[in-house]
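> The following file, model-v2.txt, comprises compact mmCIF, C-alpha atoms:
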# COMPACT_ATOMS: atom_id res chain seq x y z
CA MET O 2 217.11 76.89 129.00
CA ALA O 3 215.55 80.34 128.89
CA ILE O 4 215.55 82.46 125.73
CA SER O 5 216.23 86.16 125.78
CA CYS O 6 215.88 88.81 123.11
CA GLY O 7 218.44 91.57 123.25
CA LYS O 8 220.39 93.69 120.82
CA GLN O 9 222.44 90.69 119.84
CA GLY O 10 219.36 88.54 119.17
CA PHE O 11 218.18 85.48 121.06
CA LEU O 12 220.53 84.08 123.64
CA LEU O 13 220.10 80.67 125.19
CA TRP O 14 221.08 79.86 128.76
CA PRO O 15 220.12 77.17 131.29
CA ALA O 16 216.79 77.83 132.95
CA PHE O 17 218.31 77.71 136.43
CA HIS O 18 221.25 79.96 135.54
CA THR O 19 223.80 77.28 136.38
CA ARG O 20 226.00 75.20 134.17
CA GLU O 21 224.27 71.87 133.64
CA SER O 22 226.10 68.65 132.99
CA THR O 23 225.01 66.14 130.37
CA THR O 24 222.75 63.65 132.10
CA ALA O 25 221.44 60.28 130.94
CA PHE O 26 217.87 59.71 131.99
CA PRO O 27 216.29 56.48 133.25
CA PRO O 28 212.67 55.35 132.55
CA PRO O 29 210.65 56.30 131.53
CA LEU O 30 199.94 56.71 106.41
CA SER O 31 197.31 57.40 104.93
CA LEU O 32 194.97 55.18 106.85
CA SER O 33 191.28 54.58 107.21
CA LEU O 34 190.97 54.09 110.95
CA LYS O 35 187.89 53.65 113.11
CA PHE O 36 187.86 55.26 116.54
CA PRO O 37 185.10 55.83 119.09
CA PRO O 38 182.97 58.96 118.58
CA GLN O 39 184.08 62.03 120.52
CA SER O 40 182.47 65.25 121.65
CA HIS O 41 183.16 68.30 119.49
CA SER O 42 183.21 70.69 122.44
CA LYS O 43 186.26 72.78 123.28
CA VAL O 44 188.64 72.20 126.17
CA ARG O 45 186.69 71.18 129.26
CA ARG O 46 188.52 68.57 131.34
CA VAL O 47 191.82 70.27 132.12
CA VAL O 48 194.90 68.22 132.91
CA LYS O 49 197.55 70.47 134.39
CA MET O 50 201.21 69.44 134.28
CA SER O 51 203.24 71.78 136.45
CA ALA O 52 206.67 72.88 135.36
CA THR O 53 207.77 72.52 138.98
CA GLU O 54 207.81 68.76 138.42
CA VAL O 55 210.99 69.25 136.40
CA THR O 56 213.77 70.09 138.81
CA SER O 57 217.44 70.78 138.25
CA SER O 58 218.77 68.63 135.40
CA ARG O 59 216.70 65.59 136.39
CA ILE O 60 213.29 64.78 134.97
CA SER O 61 210.40 63.46 137.04
CA TYR O 62 208.15 61.12 135.10
CA GLU O 63 205.67 60.56 137.93
CA SER O 64 202.91 62.71 136.40
CA PHE O 65 203.25 61.21 132.91
CA ALA O 66 200.28 59.14 131.76
CA ILE O 67 202.68 56.75 130.01
CA LYS O 68 206.34 56.81 130.98
CA PRO O 69 209.22 56.52 128.48
CA PRO O 70 211.05 53.21 128.15
CA GLU O 71 214.34 52.69 129.96
CA HIS O 72 217.71 53.42 128.38
CA PRO O 73 221.00 53.55 130.32
CA THR O 74 222.67 56.37 128.35
CA TYR O 75 219.93 58.22 126.43
CA ASP O 76 219.88 61.95 127.20
CA LEU O 77 216.29 63.04 126.55
CA LYS O 78 216.89 66.57 127.78
CA GLY O 79 219.94 66.75 125.53
CA ILE O 80 217.80 65.77 122.54
CA ILE O 81 215.39 68.59 123.39
CA LYS O 82 218.24 71.10 123.64
CA LEU O 83 219.71 69.92 120.35
CA ALA O 84 216.36 70.34 118.59
CA LEU O 85 215.96 73.88 119.97
CA GLU O 86 219.54 74.85 119.17
CA GLU O 87 219.43 73.65 115.56
CA ASP O 88 216.36 75.87 115.10
CA ALA O 89 217.80 78.92 116.88
CA GLY O 90 221.23 78.80 115.27
CA ASP O 91 223.48 81.70 116.24
CA ARG O 92 220.87 84.47 115.93
CA GLY O 93 217.64 83.13 117.39
CA ASP O 94 214.24 83.75 115.83
CA VAL O 95 214.82 86.82 113.65
CA THR O 96 211.15 86.90 112.57
CA CYS O 97 209.97 87.08 116.18
CA LEU O 98 212.53 89.80 116.85
CA ALA O 99 211.11 91.80 113.97
CA THR O 100 207.39 91.29 114.50
CA ILE O 101 206.45 90.46 118.11
CA PRO O 102 206.83 92.89 121.05
CA PHE O 103 209.08 91.08 123.47
CA ASP O 104 206.82 91.56 126.50
CA MET O 105 203.59 90.52 124.73
CA GLU O 106 201.69 87.68 126.41
CA VAL O 107 199.22 85.47 124.52
CA GLU O 108 197.33 82.20 124.60
CA ALA O 109 197.88 79.65 121.85
CA TYR O 110 195.76 76.56 121.28
CA PHE O 111 196.64 73.09 120.06
CA LEU O 112 194.34 72.04 117.23
CA ALA O 113 193.98 68.52 115.84
CA LYS O 114 193.58 68.67 112.07
CA GLU O 115 192.81 64.98 111.62
CA ASP O 116 191.60 62.05 113.71
CA GLY O 117 194.16 60.03 115.61
CA ILE O 118 195.88 59.12 118.86
CA ILE O 119 197.66 62.00 120.52
CA ALA O 120 201.22 61.43 121.73
CA GLY O 121 204.01 63.71 122.89
CA ILE O 122 202.05 65.75 125.43
CA ALA O 123 204.53 64.99 128.20
CA LEU O 124 207.47 65.72 125.89
CA ALA O 125 205.87 69.00 124.78
CA GLU O 126 205.64 69.99 128.44
CA MET O 127 209.37 69.38 128.81
CA ILE O 128 210.17 71.45 125.70
CA PHE O 129 208.09 74.43 126.82
CA HIS O 130 209.78 74.30 130.21
CA GLU O 131 213.20 74.21 128.58
CA VAL O 132 212.39 77.34 126.57
CA ASP O 133 210.61 79.26 129.32
CA PRO O 134 209.71 77.77 132.72
CA SER O 135 207.06 80.48 133.23
CA LEU O 136 204.87 79.22 130.35
CA LYS O 137 201.61 77.66 131.56
CA VAL O 138 200.42 74.61 129.66
CA GLU O 139 197.02 72.94 130.07
CA TRP O 140 195.57 69.91 128.31
CA SER O 141 192.14 68.37 127.95
CA LYS O 142 193.70 65.10 126.76
CA ASN O 143 196.43 62.74 127.93
CA ASP O 144 199.00 60.86 125.90
CA GLY O 145 197.21 57.91 124.31
CA ASP O 146 193.80 59.60 124.04
CA PHE O 147 191.84 59.87 120.82
CA VAL O 148 191.46 63.32 119.22
CA HIS O 149 189.13 64.20 116.35
CA LYS O 150 189.67 66.67 113.55
CA GLY O 151 188.91 70.21 114.70
CA LEU O 152 189.39 69.54 118.43
CA GLN O 153 191.21 72.08 120.58
CA PHE O 154 192.93 69.81 123.07
CA GLY O 155 195.41 72.06 124.84
CA ARG O 156 196.67 75.58 125.33
CA VAL O 157 199.82 77.39 126.36
CA ARG O 158 199.93 80.85 127.95
CA GLY O 159 202.82 83.25 128.37
CA ARG O 160 205.26 85.35 126.36
CA ALA O 161 204.44 85.17 122.68
CA HIS O 162 208.13 85.14 121.70
CA ASN O 163 208.86 81.98 123.65
CA ILE O 164 205.69 80.20 122.59
CA VAL O 165 206.50 80.76 118.93
CA VAL O 166 210.15 79.76 119.43
CA ALA O 167 209.05 76.45 120.98
CA GLU O 168 206.16 75.88 118.54
CA ARG O 169 207.87 74.04 115.69
CA VAL O 170 210.03 71.82 117.89
CA VAL O 171 207.00 70.86 119.98
CA LEU O 172 204.92 70.12 116.90
CA ASN O 173 207.69 68.17 115.15
CA PHE O 174 207.90 65.79 118.10
CA MET O 175 204.14 65.61 118.71
CA GLN O 176 203.21 65.04 115.07
CA ARG O 177 205.73 62.24 114.61
CA MET O 178 204.90 60.59 117.92
CA SER O 179 201.16 60.88 117.28
CA GLY O 180 201.55 59.34 113.83
CA ILE O 181 203.41 56.39 115.36
CA ALA O 182 200.86 56.03 118.15
CA THR O 183 197.92 56.18 115.73
CA LEU O 184 199.25 53.41 113.51
CA THR O 185 200.34 51.36 116.53
CA LYS O 186 196.87 51.57 118.05
CA ALA O 187 195.24 50.35 114.83
CA MET O 188 197.72 47.50 114.38
CA ALA O 189 197.71 46.47 118.04
CA ASN O 190 193.93 46.25 118.04
CA ALA O 191 193.95 44.19 114.85
CA ALA O 192 196.79 41.91 116.03
CA TYR O 193 195.01 40.72 119.18
CA PRO O 194 195.58 38.30 120.87
CA ALA O 195 199.19 38.71 119.69
CA TYR O 196 201.18 41.68 121.01
CA MET O 197 202.47 44.34 118.63
CA LEU O 198 206.16 45.27 118.65
CA GLU O 199 208.25 47.84 116.83
CA THR O 200 211.89 47.24 115.80
CA ARG O 201 215.17 49.20 115.86
CA LYS O 202 214.17 50.87 112.57
CA THR O 203 213.78 54.25 114.26
CA ALA O 204 214.94 57.73 113.29
CA PRO O 205 218.61 58.19 114.30
CA GLY O 206 218.79 59.96 117.65
CA LEU O 207 215.08 59.44 118.32
CA ARG O 208 215.17 55.79 119.44
CA LEU O 209 213.64 56.40 122.86
CA VAL O 210 211.11 58.94 121.55
CA ASP O 211 209.89 56.62 118.77
CA LYS O 212 209.61 53.66 121.12
CA TRP O 213 207.81 55.83 123.69
CA ALA O 214 205.22 56.63 121.03
CA VAL O 215 204.69 52.91 120.41
CA LEU O 216 203.93 52.42 124.12
CA ILE O 217 201.52 55.36 124.01
CA GLY O 218 199.76 53.73 121.06
CA GLY O 219 199.21 50.48 122.95
CA GLY O 220 202.11 48.47 121.55
CA GLN O 221 205.01 46.89 123.40
CA ASN O 222 208.72 47.58 123.01
CA HIS O 223 211.16 45.20 121.38
CA ARG O 224 214.77 45.46 122.49
CA MET O 225 215.93 49.04 122.96
CA GLY O 226 219.30 48.47 121.29
CA LEU O 227 222.17 46.08 120.86
CA PHE O 228 222.86 45.93 124.58
CA ASP O 229 219.70 44.71 126.30
CA MET O 230 218.85 41.48 124.46
CA VAL O 231 220.71 38.90 122.40
CA MET O 232 219.08 38.70 118.99
CA ILE O 233 220.68 36.17 116.65
CA LYS O 234 219.84 37.22 113.09
CA ASP O 235 220.71 35.89 109.65
CA ASN O 236 224.17 37.49 109.44
CA HIS O 237 225.14 36.15 112.87
CA ILE O 238 223.95 32.69 111.83
CA SER O 239 225.89 32.82 108.57
CA ALA O 240 229.08 33.97 110.30
CA ALA O 241 228.75 31.38 113.09
CA GLY O 242 228.24 28.49 110.67
CA GLY O 243 224.60 27.73 111.35
CA VAL O 244 221.75 28.37 113.74
CA ALA O 245 222.78 25.75 116.31
CA ASP O 246 226.40 26.95 116.29
CA ALA O 247 225.24 30.53 116.81
CA LEU O 248 223.06 29.52 119.77
CA LYS O 249 225.91 27.50 121.27
CA ALA O 250 228.25 30.49 120.97
CA VAL O 251 225.71 32.78 122.67
CA ASP O 252 225.15 30.35 125.55
CA LEU O 253 228.91 30.10 126.08
CA TYR O 254 229.36 33.89 125.95
CA LEU O 255 226.61 34.53 128.50
CA GLU O 256 228.00 31.88 130.85
CA GLN O 257 231.57 33.14 130.62
CA ASN O 258 230.50 36.72 131.26
CA ASN O 259 227.97 35.85 133.97
CA LEU O 260 225.16 37.55 132.04
CA GLN O 261 221.45 36.86 132.17
CA MET O 262 219.29 38.32 129.43
CA GLU O 263 216.66 37.32 126.92
CA VAL O 264 217.85 35.51 123.80
CA GLU O 265 215.99 35.43 120.51
CA VAL O 266 216.99 33.54 117.39
CA GLU O 267 215.74 34.19 113.88
CA THR O 268 214.54 31.24 111.82
CA ARG O 269 213.61 31.41 108.15
CA THR O 270 212.58 27.82 107.42
CA LEU O 271 210.84 24.99 109.23
CA GLU O 272 214.15 23.13 109.10
CA GLU O 273 215.82 25.92 111.09
CA VAL O 274 212.99 25.80 113.62
CA GLU O 275 213.52 22.06 114.03
CA GLU O 276 217.29 22.60 114.36
CA VAL O 277 216.74 25.14 117.14
CA LEU O 278 214.34 22.81 118.95
CA HIS O 279 216.76 19.89 118.62
CA TYR O 280 219.64 21.97 120.02
CA SER O 281 217.54 23.19 122.95
CA SER O 282 216.41 19.63 123.76
CA GLN O 283 220.02 18.45 124.02
CA THR O 284 221.55 21.23 126.10
CA LYS O 285 220.74 23.91 128.64
CA THR O 286 220.17 27.17 126.77
CA SER O 287 219.27 30.78 127.50
CA LEU O 288 216.92 30.87 124.50
CA THR O 289 213.61 32.63 125.26
CA ARG O 290 212.07 33.48 121.88
CA ILE O 291 212.08 32.21 118.31
CA MET O 292 211.50 34.64 115.46
CA LEU O 293 209.60 33.22 112.51
CA ASP O 294 210.84 35.45 109.72
CA ASN O 295 209.03 35.79 106.39
CA MET O 296 206.83 32.78 107.06
CA VAL O 297 203.88 34.95 106.06
CA VAL O 298 203.64 34.52 102.29
CA PRO O 299 201.95 37.28 100.23
CA LEU O 300 199.41 36.17 97.62
CA PRO O 301 198.61 37.84 94.28
CA ASN O 302 195.14 38.88 95.51
CA GLY O 303 196.63 40.88 98.39
CA ASP O 304 195.87 38.24 101.01
CA VAL O 305 198.56 36.25 102.84
CA ASP O 306 199.17 32.55 103.40
CA ILE O 307 200.02 31.85 107.05
CA SER O 308 200.09 28.04 106.86
CA MET O 309 203.89 27.88 107.25
CA LEU O 310 203.72 30.27 110.21
CA LYS O 311 201.04 28.17 111.91
CA GLU O 312 203.05 24.99 111.36
CA ALA O 313 206.09 26.59 112.98
CA VAL O 314 204.02 27.70 115.97
CA GLN O 315 202.69 24.16 116.34
CA LEU O 316 206.23 22.72 116.20
CA ILE O 317 207.37 25.04 118.99
CA ASN O 318 204.22 24.17 120.96
CA GLY O 319 204.58 26.83 123.64
CA ARG O 320 208.15 25.92 124.64
CA TYR O 321 209.33 29.40 123.68
CA GLU O 322 207.79 32.74 122.86
CA THR O 323 207.27 33.24 119.15
CA GLU O 324 207.51 36.36 116.98
CA ALA O 325 206.20 36.75 113.45
CA SER O 326 208.11 39.16 111.24
CA GLY O 327 207.83 40.11 107.57
CA ASN O 328 204.89 41.10 105.36
CA VAL O 329 203.13 42.72 108.32
CA THR O 330 200.70 45.47 107.32
CA LEU O 331 197.47 46.89 108.65
CA ASP O 332 195.67 44.64 106.16
CA THR O 333 197.51 41.43 107.12
CA VAL O 334 198.18 41.81 110.84
CA HIS O 335 194.80 40.47 112.00
CA LYS O 336 195.23 37.20 110.14
CA ILE O 337 198.80 36.86 111.43
CA GLY O 338 197.55 37.45 114.96
CA GLN O 339 195.24 34.43 114.65
CA SER O 340 198.18 32.08 113.99
CA GLY O 341 199.04 31.61 117.67
CA VAL O 342 202.24 33.69 117.72
CA THR O 343 203.08 35.59 120.89
CA TYR O 344 204.33 38.74 119.17
CA ILE O 345 204.18 40.44 115.78
CA SER O 346 206.92 42.93 114.92
CA SER O 347 206.79 45.61 112.24
CA GLY O 348 209.42 48.18 111.32
CA SER O 349 206.75 50.23 109.57
CA LEU O 350 205.47 51.51 112.92
CA THR O 351 208.47 53.82 113.07
CA HIS O 352 210.32 53.82 109.72
CA SER O 353 207.33 54.70 107.53
CA VAL O 354 205.34 56.87 109.88
CA LYS O 355 202.90 59.48 108.56
CA ALA O 356 202.80 62.43 110.93
CA LEU O 357 199.46 63.35 112.47
CA ASP O 358 198.47 66.88 111.45
CA ILE O 359 198.49 69.16 114.51
CA SER O 360 198.85 72.93 114.78
CA LEU O 361 199.42 75.50 117.52
CA LYS O 362 197.58 78.76 116.82
CA ILE O 363 197.17 82.07 118.56
CA ASP O 364 194.26 83.10 116.29
CA THR O 365 192.18 79.94 116.44
CA GLU O 366 189.12 81.41 114.72
CA LEU O 367 191.10 82.21 111.57
CA ALA O 368 192.91 78.86 111.79
CA LEU O 369 189.59 77.01 111.91
CA LYS O 370 188.22 79.07 109.02
CA VAL O 371 191.25 78.23 106.86
CA GLY O 372 191.15 74.61 108.05
CA ARG O 373 187.50 74.22 107.01
CA ARG O 374 188.30 75.75 103.64
CA THR O 375 191.07 73.20 103.05
CA GLY O 376 189.29 70.26 104.69
CA ARG O 377 191.77 70.07 107.57
CA ALA O 378 189.57 71.17 110.49
Could you take the file, read its structure, and then write that structure out as structure tokens?

Amino acid sequence: MAISCGKQGFLLWPAFHTRESTTAFPPPLSLSLKFPPQSHSKVRRVVKMSATEVTSSRISYESFAIKPPEHPTYDLKGIIKLALEEDAGDRGDVTCLATIPFDMEVEAYFLAKEDGIIAGIALAEMIFHEVDPSLKVEWSKNDGDFVHKGLQFGRVRGRAHNIVVAERVVLNFMQRMSGIATLTKAMANAAYPAYMLETRKTAPGLRLVDKWAVLIGGGQNHRMGLFDMVMIKDNHISAAGGVADALKAVDLYLEQNNLQMEVEVETRTLEEVEEVLHYSSQTKTSLTRIMLDNMVVPLPNGDVDISMLKEAVQLINGRYETEASGNVTLDTVHKIGQSGVTYISSGSLTHSVKALDISLKIDTELALKVGRRTGRA
């Protein structure tokens, strides 16, 4: 979509001047975190991502450092358009119309205002291209790289109007994704040798974007939605009449519908674990993973007791993947990771994210001066 300023205000039309159909796209806290020291120099190593890599209504992910996860119906370009359109409304950017000469060209710089893991660079490239394919964007960092407070890590050149129109949408995505990636990196490092997973507790409409940020931060993706994995949880178990009955019903459903997919069952007690193991020893089952829910017990001193979790892991004895869930925080995840579980899942990676502070400034000298005054640069 290009953006034009005329007598009627900003008008939005497809960048290629043709009607585009809706297309679903395939694959792609206040924390004290320790990261490796970084140079405080300005942009040096330039990573160029050409707008020509986005053609027609399809998106090429080949140049992306970390590709988005797969989803059969998710329209990533549609999400970008929706974000731009809710900002532009029916008039466009009236402040730009009033203050910026339409043919003015500028450079604007991305500035990190706190330490963290940068995420959303590839998505920012897509947004700038949607607003104005002639904008030139250069980066000194890739998705997943560390940035320190005060670092200029990218720049965009072109018409000032279109840069400012794209600015807030770009930053909204990048700040959220970078916050998710930063927390994920810290928790994934602490969880080792277990793998860190998010959940479906994502912002509505941003499922793929949130899960993409988890990948960028070094985590792994849990199921994308209700369609790509069977996950038997407490309500399913209650409705089915018990954990073994629920598993039996799932096995029958998959067989009748000629489906092959991963199956996970939630267990809340050691008795349920034993019931699952007994069922699976007596019949052929599609079960692949057992969730050990709330078997991490919080203690009054802030520590956690993982003895029940460890006992469950020992009962399963490698026959199935295991996943610890509940009472997972940055303070507890390391201890949980030492229990022998395969995975640790935490909804907090996406539902309680603190955005990483990032800005896009044309006057970087003044921005840095103000940032130093406020302790944000």
> By how many Å are CA of Thr200 in chain O and CA of His335 in chain O apart?
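So the answer is 18.8 Å.
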> Record the distance separating CA of Ala167 in chain O and CA of Asn222 in chain O, expressed in Å with one decimal.
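Calculated distance between CA of Ala167 in chain O and CA of Asn222 in chain O is 28.9 Å.
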> For CA of Phe174 in chain O and CA of Ala125 in chain O, determine how far apart the two atoms are, in Å to one decimal place.
7.7 Å
> Kindly indicate which residue among O:Asp246, O:Arg169, O:Phe154, O:Ser141 lies nearest to Ala89 in chain O, using all atoms listed in the file for the distances.
O:Arg169
> For Val277 in chain O, which residue out of O:Tyr62, O:Tyr321, O:Tyr254, O:Tyr110 is the nearest one, using only C-alpha atoms?
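Using only C-alpha atoms, Val277 in chain O sits closest to O:Tyr321.
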> Generate all heavy atoms for range 228-239 of chain O and emit them as a short mmCIF file (atom, residue, chain, number, x, y, z; two decimals), in the frame of the given file.

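Output below, filename result.cif:
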data_model
loop_
_atom_site.label_atom_id
_atom_site.label_comp_id
_atom_site.auth_asym_id
_atom_site.auth_seq_id
_atom_site.Cartn_x
_atom_site.Cartn_y
_atom_site.Cartn_z
N PHE O 228 222.28 46.21 123.28
CA PHE O 228 222.86 45.93 124.58
C PHE O 228 221.94 45.17 125.53
O PHE O 228 222.41 44.62 126.53
CB PHE O 228 223.25 47.25 125.27
CG PHE O 228 222.09 48.19 125.45
CD1 PHE O 228 221.31 48.15 126.59
CD2 PHE O 228 221.75 49.10 124.44
CE1 PHE O 228 220.23 49.00 126.74
CE2 PHE O 228 220.67 49.95 124.59
CZ PHE O 228 219.90 49.90 125.74
N ASP O 229 220.64 45.18 125.28
CA ASP O 229 219.70 44.71 126.30
C ASP O 229 219.04 43.38 125.96
O ASP O 229 218.21 42.89 126.72
CB ASP O 229 218.63 45.76 126.57
CG ASP O 229 217.84 46.15 125.33
OD1 ASP O 229 218.40 46.05 124.23
OD2 ASP O 229 216.68 46.57 125.47
N MET O 230 219.39 42.78 124.84
CA MET O 230 218.85 41.48 124.46
C MET O 230 219.77 40.88 123.40
O MET O 230 220.27 41.60 122.53
CB MET O 230 217.43 41.65 123.88
CG MET O 230 216.76 40.37 123.43
SD MET O 230 215.14 40.73 122.67
CE MET O 230 214.47 39.08 122.52
N VAL O 231 219.98 39.58 123.48
CA VAL O 231 220.71 38.90 122.40
C VAL O 231 219.70 38.56 121.32
O VAL O 231 218.68 37.92 121.59
CB VAL O 231 221.39 37.62 122.91
CG1 VAL O 231 222.03 36.87 121.74
CG2 VAL O 231 222.44 37.94 123.96
N MET O 232 219.98 39.00 120.10
CA MET O 232 219.08 38.70 118.99
C MET O 232 219.93 38.16 117.84
O MET O 232 220.63 38.90 117.15
CB MET O 232 218.32 39.95 118.56
CG MET O 232 217.22 39.67 117.57
SD MET O 232 216.11 41.10 117.44
CE MET O 232 215.02 40.52 116.14
N ILE O 233 219.86 36.85 117.65
CA ILE O 233 220.68 36.17 116.65
C ILE O 233 219.95 36.22 115.31
O ILE O 233 218.94 35.56 115.11
CB ILE O 233 220.94 34.71 117.05
CG1 ILE O 233 221.46 34.63 118.49
CG2 ILE O 233 221.91 34.05 116.08
CD1 ILE O 233 221.47 33.21 119.06
N LYS O 234 220.48 37.04 114.39
CA LYS O 234 219.84 37.22 113.09
C LYS O 234 220.63 36.50 111.99
O LYS O 234 221.63 35.85 112.26
CB LYS O 234 219.67 38.71 112.80
CG LYS O 234 218.68 39.38 113.76
CD LYS O 234 218.49 40.85 113.47
CE LYS O 234 217.83 41.10 112.13
NZ LYS O 234 216.44 40.59 112.08
N ASP O 235 220.16 36.66 110.77
CA ASP O 235 220.71 35.89 109.65
C ASP O 235 222.21 36.05 109.49
O ASP O 235 222.93 35.06 109.26
CB ASP O 235 219.98 36.25 108.35
CG ASP O 235 219.92 37.75 108.09
OD1 ASP O 235 220.43 38.54 108.92
OD2 ASP O 235 219.34 38.13 107.05
N ASN O 236 222.73 37.29 109.62
CA ASN O 236 224.17 37.49 109.44
C ASN O 236 224.98 36.82 110.54
O ASN O 236 226.09 36.31 110.30
CB ASN O 236 224.50 38.98 109.37
CG ASN O 236 224.07 39.59 108.05
OD1 ASN O 236 224.00 38.90 107.04
ND2 ASN O 236 223.80 40.88 108.05
N HIS O 237 224.46 36.84 111.78
CA HIS O 237 225.14 36.15 112.87
C HIS O 237 225.18 34.64 112.60
O HIS O 237 226.20 33.97 112.82
CB HIS O 237 224.43 36.40 114.21
CG HIS O 237 224.26 37.84 114.55
ND1 HIS O 237 223.02 38.45 114.56
CD2 HIS O 237 225.15 38.80 114.87
CE1 HIS O 237 223.16 39.72 114.90
NE2 HIS O 237 224.45 39.96 115.08
N ILE O 238 224.05 34.12 112.12
CA ILE O 238 223.95 32.69 111.83
C ILE O 238 224.92 32.28 110.73
O ILE O 238 225.63 31.27 110.83
CB ILE O 238 222.50 32.32 111.46
CG1 ILE O 238 221.59 32.50 112.68
CG2 ILE O 238 222.40 30.90 110.91
CD1 ILE O 238 220.10 32.45 112.37
N SER O 239 224.97 33.11 109.68
CA SER O 239 225.89 32.82 108.57
C SER O 239 227.34 32.84 109.03
O SER O 239 228.14 31.96 108.68
CB SER O 239 225.69 33.83 107.44
OG SER O 239 224.38 33.72 106.90
#
